[in-house]
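Heads up: the structure comes next, in structure tokens.
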Amino acid sequence: AGPPEPEPEPEPATPATPATPATPATPATEPTGTSADRQTDRSAGPQPTPPSGPPATWPPGPPATWPQGAPPGQPTGGPGGTPGWGYPTWPGRPPEPRPHGLPLASFGARLTARLIDFGIVFLLNALVNGWFVWRYLEEISPVVDEFWRRAQAQDTTTDQFPAAGEQAGSLVVVILLIATSLWLAYEVPAMAANGQTFGKRVVGIKVLPVEADAPLGFGRALRRWNTLGLPTLLWYCCGLGLLLQLIDALSPLFDHPLRQALHDKRAQTVVVKVPRTPDAPAN
């Protein structure tokens, strides 16, 4: 037997090829090519016309600051989404609301109508309350006479004034009760029926419920009058009632956007301007 054959040598292991890292995908919005190529691509086809008008920062502020949160030019609803109050809005100061399609009454018109009504109530008091007022002046005449005597003589004495008559206090209560009752009888029925007193008809304004173009009804008209009329009974308390009525009368100047007085807020009413004739439009 011949010599044994030599064993074949093992082949050397081939080194593994390192993995090639994946190339990140190019975003679809990332421009490719040189700036010259991009310029050529932009000029290749029709381009959108740049928007005309104010810059992108107009209107100022976020949309939440627009009236009713709507973009400019869109119709919006009234306060609290009340139907029938729609009006277009724009940046800046919004227009005044038009309750039920009617413009709000101005403070001057409301004041003029109230003065006319007060004049009528005063004449009624002169007829009904005149005798009681005359009796009251007689009861307090000793106090008034002594006051004027000291004023003319420049008397600075601290002596007590003479007492008024025994019936002076009772007469004041009677006078205020009659005056309040006359005011209620004059205003509440007329407001309940059509939302207008004589003064309001002359000036061309009307009181309507906030939620509907309808008569007020007796209950709502009474609630509205109570806030302004009942403090008349407190005139006896150092003029407290008169102060409350003055605050109520001036409150529309500080209420926005509906110019409601305190008695309007209690009764949920709004005062609007109406045409004086059926065919005339309300401005």
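The chains in the structure tokens are called A, B, ... from first to last as shown; in each chain the residues are counted from 1, and the ligands are counted from 1 in the order shown.
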Write out as a list in words each polymer residue whose atoms come within 7 Å of Val203 of chain A, counting only C-alpha atoms; drop sequence neighbours fewer than 2 positions from it.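 My list of contacting residues is Ala109, Ala113, Gly199, Lys200, Arg201 and Ile205 of chain A.
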With a distance cut-off of 7 Å and only C-alpha atoms, select the neighbouring residues of segment 169-180 of chain A, excluding the residue or stretch itself and same-chain residues fewer than 3 positions from it, and output the selection as a list in words. Asn125, Asn129, Phe132, Val133, Tyr136, Trp183, Leu184, Gly229, Leu230, Thr232 and Leu233 of chain A
Determine the nearest neighbour of Pro95 of chain A from the options A:Leu258, A:Val274, A:Cys238, A:Leu127, counting only C-alpha atoms. A:Leu258
Would you work out the distance separating atom CA of Gly130 of chain A from atom CA of Trp225 of chain A, expressed in Å to one decimal? 24.1 Å
So the first atom is atom CA of Gly239 of chain A and the second is atom CA of Glu139 of chain A; what is the distance between them in Å, to one decimal place?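 Computed distance, atom CA of Gly239 of chain A to atom CA of Glu139 of chain A, equals 19.8 Å.
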With a distance cut-off of 7 Å and only C-alpha atoms, select the neighbouring residues of Gly217 of chain A, excluding the residue or stretch itself and same-chain residues fewer than 2 positions from it, and output the selection as a compact mmCIF listing (two decimals) with C-alpha atoms, in the first residue's frame.
# COMPACT_ATOMS: atom_id res chain seq x y z
CA ALA A 192 -98.43 95.91 28.41
CA ALA A 193 -100.64 96.51 25.37
CA PRO A 215 -96.48 92.68 23.29
CA GLY A 219 -96.63 90.79 34.12
CA ARG A 220 -93.51 91.83 32.21
CA ALA A 221 -94.65 95.46 32.02
